[in-house]
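Here is upload.cif, consisting of mmCIF, C-alpha atoms:
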```
data_work
loop_
_atom_site.label_atom_id
_atom_site.label_comp_id
_atom_site.auth_asym_id
_atom_site.auth_seq_id
_atom_site.Cartn_x
_atom_site.Cartn_y
_atom_site.Cartn_z
CA MET W 1 -1.90 -6.28 -21.41
CA ALA W 2 0.10 -9.40 -22.29
CA ALA W 3 2.80 -8.34 -19.82
CA GLY W 4 0.19 -7.88 -17.08
CA ALA W 5 -1.37 -11.25 -17.82
CA ALA W 6 2.02 -12.96 -17.77
CA ALA W 7 2.95 -11.26 -14.51
CA LEU W 8 -0.33 -12.30 -12.91
CA GLU W 9 0.28 -15.90 -13.92
CA HIS W 10 3.99 -16.28 -13.15
CA ILE W 11 5.13 -13.57 -10.74
CA LEU W 12 2.17 -12.52 -8.65
CA THR W 13 1.56 -15.98 -7.22
CA PRO W 14 -0.65 -16.37 -4.15
CA GLU W 15 2.48 -17.11 -2.11
CA ALA W 16 4.32 -14.01 -3.32
CA LEU W 17 1.27 -11.84 -2.66
CA GLU W 18 0.74 -13.23 0.83
CA LYS W 19 4.42 -12.72 1.65
CA LEU W 20 4.25 -9.12 0.41
CA ASN W 21 1.20 -8.29 2.52
CA LYS W 22 2.70 -9.97 5.59
CA LEU W 23 5.78 -7.78 5.10
CA GLY W 24 3.53 -4.74 5.12
CA ASP W 25 1.81 -5.86 8.31
CA TYR W 26 5.25 -6.41 9.88
CA LEU W 27 6.39 -2.90 8.83
CA ARG W 28 3.28 -1.26 10.27
CA ASP W 29 3.50 -3.15 13.57
CA LYS W 30 7.22 -2.46 13.90
CA VAL W 31 7.03 1.29 13.23
CA ASN W 32 4.04 1.67 15.55
CA ALA W 33 5.71 -0.27 18.37
CA ASP W 34 9.00 1.63 17.99
CA CYS W 35 7.28 5.04 17.86
CA GLU W 36 5.08 4.22 20.84
CA LYS W 37 8.13 3.10 22.83
CA ARG W 38 9.89 6.39 22.05
CA GLY W 39 6.83 8.56 22.66
CA LEU W 40 6.74 9.73 19.05
CA GLY W 41 3.41 10.84 17.62
CA VAL W 42 3.87 9.04 14.32
CA ARG W 43 2.00 5.90 13.28
CA LEU W 44 1.46 3.88 10.15
CA THR W 45 -2.11 3.00 9.25
CA GLY W 46 -3.11 0.65 6.48
CA LEU W 47 -3.68 -2.90 5.38
CA GLY W 48 -1.04 -5.33 4.21
CA SER W 49 1.41 -3.73 1.80
CA VAL W 50 -0.45 -0.40 1.61
CA ASN W 51 0.33 2.00 4.45
CA CYS W 52 0.39 5.70 5.19
CA ILE W 53 2.43 7.74 7.67
CA GLN W 54 0.19 9.64 10.08
CA GLY W 55 1.32 12.28 12.52
CA PRO W 56 2.96 15.29 10.87
CA SER W 57 0.76 18.18 11.88
CA SER W 58 1.05 20.52 8.89
CA PRO W 59 1.92 20.53 5.18
CA GLU W 60 5.39 21.79 6.15
CA ALA W 61 5.88 18.95 8.64
CA LYS W 62 4.71 16.45 6.01
CA ARG W 63 7.29 17.88 3.60
CA LEU W 64 9.97 17.63 6.28
CA MET W 65 9.04 13.98 6.80
CA TYR W 66 9.09 13.41 3.03
CA PHE W 67 12.50 15.02 2.46
CA GLY W 68 13.96 13.39 5.57
CA LEU W 69 13.04 10.01 4.14
CA ILE W 70 14.35 10.93 0.66
CA GLU W 71 17.65 11.96 2.27
CA ARG W 72 17.86 8.45 3.73
CA GLY W 73 17.05 6.79 0.41
CA PHE W 74 13.32 6.17 0.87
CA TRP W 75 10.62 7.51 -1.44
CA ALA W 76 7.24 7.77 0.17
CA ASP W 77 4.96 10.51 -1.18
CA GLN W 78 4.31 13.84 0.54
CA ARG W 79 0.95 12.64 1.80
CA GLY W 80 2.83 9.85 3.60
CA THR W 81 1.72 6.95 1.41
CA CYS W 82 4.27 4.16 1.50
CA VAL W 83 3.46 1.06 -0.49
CA LEU W 84 5.61 -2.04 -0.77
CA ASN W 85 6.21 -3.87 -4.05
CA LEU W 86 7.27 -7.36 -5.00
CA THR W 87 10.97 -6.43 -5.00
CA THR W 88 10.84 -5.14 -1.42
CA THR W 89 12.94 -7.25 0.95
CA GLN W 90 12.96 -7.75 4.70
CA GLU W 91 16.15 -5.67 4.85
CA ASP W 92 14.46 -2.83 2.94
CA VAL W 93 11.55 -2.85 5.37
CA ASP W 94 13.75 -2.89 8.47
CA ALA W 95 15.82 -0.02 7.08
CA PHE W 96 12.68 1.95 6.19
CA ALA W 97 11.20 1.39 9.65
CA ALA W 98 14.42 2.71 11.20
CA GLY W 99 14.34 5.68 8.81
CA VAL W 100 10.76 6.56 9.71
CA VAL W 101 11.61 6.55 13.42
CA GLU W 102 14.74 8.63 12.84
CA VAL W 103 12.86 11.23 10.79
CA ALA W 104 9.96 11.21 13.26
CA GLU W 105 12.46 12.19 16.00
CA LEU W 106 13.66 15.02 13.75
CA VAL W 107 10.14 16.27 13.00
CA GLN W 108 9.20 16.03 16.67
CA SER W 109 12.30 18.01 17.67
CA VAL W 110 11.04 20.97 15.64
CA GLY W 111 7.49 20.68 16.94
CA GLY W 112 6.05 19.20 13.77
CA LEU W 113 4.05 16.30 15.20
CA VAL W 114 0.42 16.34 16.36
CA MET J 1 -8.75 -0.44 -6.62
CA GLN J 2 -6.12 -0.37 -3.92
CA THR J 3 -7.47 -3.31 -1.97
CA SER J 4 -7.29 -5.79 -4.86
CA ARG J 5 -3.63 -6.28 -3.94
CA LEU J 6 -4.36 -7.49 -0.41
CA SER J 7 -4.95 -11.11 -1.42
CA VAL J 8 -5.56 -13.14 -4.57
CA GLY J 9 -9.26 -12.31 -4.23
CA GLY J 10 -8.62 -8.85 -2.83
CA ARG J 11 -9.85 -7.45 0.45
CA GLN J 12 -13.33 -8.65 -0.37
CA ALA J 13 -12.17 -12.27 -0.37
CA LEU J 14 -10.47 -11.81 3.03
CA LEU J 15 -13.74 -10.44 4.41
CA GLY J 16 -15.87 -13.10 2.75
CA ILE J 17 -17.76 -10.55 0.69
CA THR J 18 -19.11 -11.28 -2.78
CA PRO J 19 -19.85 -7.82 -4.12
CA ASP J 20 -22.43 -6.86 -6.71
CA MET J 21 -19.65 -5.12 -8.62
CA THR J 22 -15.89 -4.88 -8.37
CA THR J 23 -13.17 -2.80 -9.97
CA VAL J 24 -9.51 -3.57 -10.60
CA GLY J 25 -6.73 -1.62 -12.21
CA LYS J 26 -3.23 -0.24 -11.79
CA TYR J 27 -0.77 -3.14 -11.54
CA TYR J 28 -3.16 -5.39 -13.51
CA GLY J 29 -2.06 -3.41 -16.55
CA GLY J 30 1.62 -4.16 -15.98
CA GLY J 31 2.42 -0.44 -15.75
CA PHE J 32 0.07 0.83 -18.44
CA ALA J 33 -3.04 2.87 -17.70
CA PHE J 34 -5.60 0.16 -17.12
CA GLY J 35 -8.90 -0.39 -15.41
CA ALA J 36 -11.60 -3.02 -15.46
CA PHE J 37 -14.89 -3.60 -13.76
CA GLY J 38 -17.36 -6.40 -13.59
CA GLY J 39 -20.23 -7.70 -11.58
CA LYS J 40 -23.34 -9.76 -11.46
CA ALA J 41 -24.92 -10.47 -14.82
CA ALA J 42 -28.13 -8.61 -13.94
CA ILE J 43 -26.11 -5.44 -13.39
CA MET J 44 -23.67 -5.88 -16.25
CA ASP J 45 -26.55 -6.57 -18.64
CA MET J 46 -27.71 -3.02 -18.05
CA TYR J 47 -24.33 -1.71 -19.17
CA ALA J 48 -23.33 -4.19 -21.85
CA ARG J 49 -26.58 -5.69 -22.97
CA GLY J 50 -25.95 -8.86 -24.92
CA HIS J 51 -22.21 -8.82 -24.21
CA THR J 52 -22.06 -10.73 -20.91
CA GLN J 53 -20.43 -14.14 -21.02
CA SER J 54 -20.73 -16.91 -18.45
#
```

As a first step, turn the structure in this file into structure tokens.
Amino acid sequence: MAAGAAALEHILTPEALEKLNKLGDYLRDKVNADCEKRGLGVRLTGLGSVNCIQGPSSPEAKRLMYFGLIERGFWADQRGTCVLNLTTTQEDVDAFAAGVVEVAELVQSVGGLV
Amino acid sequence: MQTSRLSVGGRQALLGITPDMTTVGKYYGGGFAFGAFGGKAAIMDMYARGHTQS
């Protein structure tokens, strides 16, 4: 409890929190624009730093998406939830966005998108 | 629970909503299992009669 209180006071400042949520908005907009441009049926939905990958059409396709991202060093969950944290950088987000697009191409190529 | 992280006052602050009750948890506990709820005195009195503080 003391650790949480200290973190709220010194680490989770209003500026840090706003920056984190703006990063999430940027990620969502970037993935959605890139996927739309490439005709990929994958989108992120969410608010701020909390987002979810939408598009894989079956549990198997979701797993393919999940493992494709793991293979590239990104750990979303099998449902597609991808949440940023205070250590997430701009570089992380750009790399993750590229990874999502890359894996979306893969999943699409095997007919796994809605 | 999830929307408390969207601003200092949560999603409700961004939308200009003052709720009757609100819940927080997760990261508030610094990694430990944690949850908290609160609300207007009239409601909280029903749950914790005599324990509300202003």

I'd like to see the residues matched by the PyMOL selection byres ((chain W and resi 4) around 10) on this file, and ideally I'd get them as a ChimeraX atom specification. /W:1-3,5-9,11-12 /J:26-32,34

Is it possible to get the residues within 8 Å of (17.4, 12.2, 7.7) (coordinates as in the file, counting all atoms listed in the file) written as a JSON list (two decimals) with C-alpha atoms, in the frame of the given file?
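The resulting file, part_30.json, is shown below:
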```json
[["chain", "number", "residue", "atom", "x", "y", "z"],
["W", 67, "PHE", "CA", 12.50, 15.02, 2.46],
["W", 68, "GLY", "CA", 13.96, 13.39, 5.57],
["W", 69, "LEU", "CA", 13.04, 10.01, 4.14],
["W", 70, "ILE", "CA", 14.35, 10.93, 0.66],
["W", 71, "GLU", "CA", 17.65, 11.96, 2.27],
["W", 72, "ARG", "CA", 17.86, 8.45, 3.73],
["W", 99, "GLY", "CA", 14.34, 5.68, 8.81],
["W", 102, "GLU", "CA", 14.74, 8.63, 12.84],
["W", 103, "VAL", "CA", 12.86, 11.23, 10.79],
["W", 106, "LEU", "CA", 13.66, 15.02, 13.75]]
```

Quick one: what's the axis-aligned box for region 93-112 of chain W, all listed atoms, 5 Å on every side, centre and edges in Å to one decimal, as lines of an AutoDock Vina configuration file?
```
center_x = 10.9
center_y = 9.0
center_z = 11.5
size_x = 19.8
size_y = 33.9
size_z = 22.3
```

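Here CA of Val110 (chain W) is placed at a distance of 14.8 Å from CA of Tyr66 (chain W).
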
Picked residues, the PyMOL selection byres ((chain J and resi 38) around 6), as number ranges by chain: J: 21-22, 37, 39

Can you list what the PyMOL selection byres ((chain W and resi 82-90) around 7) grabs from this structure, as a ChimeraX atom specification? /W:20,24,49-52,76-77,80-81,91-94

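Separating CA of Gln108 (chain W) from CA of Ala33 (chain W) is a distance of 16.8 Å.
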
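Every protein, DNA or RNA residue with an atom at most 9 Å from Thr3 (chain J), where all atoms listed in the file count and chain neighbours fewer than 2 positions away do not, is listed here: Leu47 and Val50 of chain W; Met1, Arg5, Leu6, Ser7, Gly10, Arg11, Gln12 and Val24 of chain J.
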
Could you write those residues out with C-alpha atoms, as a PDB file, in the frame of the given file?
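Saved file result_31.pdb follows:
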```
ATOM      1  CA  LEU W  47      -3.680  -2.900   5.380  1.00  0.00           C
ATOM      2  CA  VAL W  50      -0.450  -0.400   1.610  1.00  0.00           C
TER       3      VAL W  50
ATOM      4  CA  MET J   1      -8.750  -0.440  -6.620  1.00  0.00           C
ATOM      5  CA  ARG J   5      -3.630  -6.280  -3.940  1.00  0.00           C
ATOM      6  CA  LEU J   6      -4.360  -7.490  -0.410  1.00  0.00           C
ATOM      7  CA  SER J   7      -4.950 -11.110  -1.420  1.00  0.00           C
ATOM      8  CA  GLY J  10      -8.620  -8.850  -2.830  1.00  0.00           C
ATOM      9  CA  ARG J  11      -9.850  -7.450   0.450  1.00  0.00           C
ATOM     10  CA  GLN J  12     -13.330  -8.650  -0.370  1.00  0.00           C
ATOM     11  CA  VAL J  24      -9.510  -3.570 -10.600  1.00  0.00           C
TER      12      VAL J  24
END
```

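A straight line drawn from CA of Ser109 (chain W) to CA of Trp75 (chain W) is 21.9 Å long.
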
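Between chain J and the residues W:Arg43, W:Gly73, W:Asp34, W:Gly48, the shortest atom-to-atom distance, using all atoms listed in the file, involves W:Gly48.
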
Between J:Gly35, J:Met46, J:Ala41, J:Gly16, which one has atoms that come closest to chain W, using all atoms listed in the file? J:Gly35

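The residue that comes closest to chain W, out of J:Gly25, J:Ile17, J:Tyr47, J:Lys40 and on the basis of only C-alpha atoms, is J:Gly25.
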
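Minimum atom-to-atom distances from W:Ala95, W:Met65, W:Leu40, W:Leu23 to Ile53 (chain W) were compared using only C-alpha atoms, and the lowest value belongs to W:Met65.
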
Complete the atom set of region 32-45 of chain J to N, CA, C and O atoms and return it as a PDB file, in the frame of the given file.
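The result, written out as result_29.pdb:
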```
ATOM      1  N   PHE J  32       0.832  -0.023 -17.537  1.00  0.00           N
ATOM      2  CA  PHE J  32       0.070   0.830 -18.440  1.00  0.00           C
ATOM      3  C   PHE J  32      -1.218   1.299 -17.746  1.00  0.00           C
ATOM      4  O   PHE J  32      -1.682   0.670 -16.816  1.00  0.00           O
ATOM      5  N   ALA J  33      -1.762   2.403 -18.226  1.00  0.00           N
ATOM      6  CA  ALA J  33      -3.040   2.870 -17.700  1.00  0.00           C
ATOM      7  C   ALA J  33      -4.078   1.800 -17.988  1.00  0.00           C
ATOM      8  O   ALA J  33      -4.287   1.425 -19.136  1.00  0.00           O
ATOM      9  N   PHE J  34      -4.696   1.296 -16.953  1.00  0.00           N
ATOM     10  CA  PHE J  34      -5.600   0.160 -17.120  1.00  0.00           C
ATOM     11  C   PHE J  34      -6.657   0.183 -16.046  1.00  0.00           C
ATOM     12  O   PHE J  34      -6.392   0.520 -14.903  1.00  0.00           O
ATOM     13  N   GLY J  35      -7.861  -0.203 -16.392  1.00  0.00           N
ATOM     14  CA  GLY J  35      -8.900  -0.390 -15.410  1.00  0.00           C
ATOM     15  C   GLY J  35      -9.897  -1.389 -15.955  1.00  0.00           C
ATOM     16  O   GLY J  35     -10.023  -1.548 -17.162  1.00  0.00           O
ATOM     17  N   ALA J  36     -10.579  -2.073 -15.044  1.00  0.00           N
ATOM     18  CA  ALA J  36     -11.600  -3.020 -15.460  1.00  0.00           C
ATOM     19  C   ALA J  36     -12.646  -3.094 -14.367  1.00  0.00           C
ATOM     20  O   ALA J  36     -12.356  -2.864 -13.186  1.00  0.00           O
ATOM     21  N   PHE J  37     -13.852  -3.370 -14.763  1.00  0.00           N
ATOM     22  CA  PHE J  37     -14.890  -3.600 -13.760  1.00  0.00           C
ATOM     23  C   PHE J  37     -15.802  -4.696 -14.227  1.00  0.00           C
ATOM     24  O   PHE J  37     -15.914  -4.989 -15.416  1.00  0.00           O
ATOM     25  N   GLY J  38     -16.429  -5.325 -13.264  1.00  0.00           N
ATOM     26  CA  GLY J  38     -17.360  -6.400 -13.590  1.00  0.00           C
ATOM     27  C   GLY J  38     -18.318  -6.591 -12.449  1.00  0.00           C
ATOM     28  O   GLY J  38     -18.236  -5.911 -11.431  1.00  0.00           O
ATOM     29  N   GLY J  39     -19.268  -7.474 -12.647  1.00  0.00           N
ATOM     30  CA  GLY J  39     -20.230  -7.700 -11.580  1.00  0.00           C
ATOM     31  C   GLY J  39     -21.237  -8.739 -11.970  1.00  0.00           C
ATOM     32  O   GLY J  39     -21.058  -9.470 -12.951  1.00  0.00           O
ATOM     33  N   LYS J  40     -22.287  -8.767 -11.219  1.00  0.00           N
ATOM     34  CA  LYS J  40     -23.340  -9.760 -11.460  1.00  0.00           C
ATOM     35  C   LYS J  40     -23.989  -9.479 -12.819  1.00  0.00           C
ATOM     36  O   LYS J  40     -24.129  -8.333 -13.243  1.00  0.00           O
ATOM     37  N   ALA J  41     -24.392 -10.559 -13.462  1.00  0.00           N
ATOM     38  CA  ALA J  41     -24.920 -10.470 -14.820  1.00  0.00           C
ATOM     39  C   ALA J  41     -26.080  -9.484 -14.913  1.00  0.00           C
ATOM     40  O   ALA J  41     -26.185  -8.711 -15.866  1.00  0.00           O
ATOM     41  N   ALA J  42     -26.951  -9.489 -13.902  1.00  0.00           N
ATOM     42  CA  ALA J  42     -28.130  -8.610 -13.940  1.00  0.00           C
ATOM     43  C   ALA J  42     -27.715  -7.146 -14.009  1.00  0.00           C
ATOM     44  O   ALA J  42     -28.392  -6.325 -14.639  1.00  0.00           O
ATOM     45  N   ILE J  43     -26.595  -6.818 -13.370  1.00  0.00           N
ATOM     46  CA  ILE J  43     -26.110  -5.440 -13.390  1.00  0.00           C
ATOM     47  C   ILE J  43     -25.361  -5.173 -14.690  1.00  0.00           C
ATOM     48  O   ILE J  43     -25.600  -4.162 -15.365  1.00  0.00           O
ATOM     49  N   MET J  44     -24.481  -6.073 -15.054  1.00  0.00           N
ATOM     50  CA  MET J  44     -23.670  -5.880 -16.250  1.00  0.00           C
ATOM     51  C   MET J  44     -24.516  -5.855 -17.510  1.00  0.00           C
ATOM     52  O   MET J  44     -24.196  -5.180 -18.477  1.00  0.00           O
ATOM     53  N   ASP J  45     -25.639  -6.573 -17.497  1.00  0.00           N
ATOM     54  CA  ASP J  45     -26.550  -6.570 -18.640  1.00  0.00           C
ATOM     55  C   ASP J  45     -27.064  -5.171 -18.938  1.00  0.00           C
ATOM     56  O   ASP J  45     -27.313  -4.818 -20.096  1.00  0.00           O
TER      57      ASP J  45
END
```
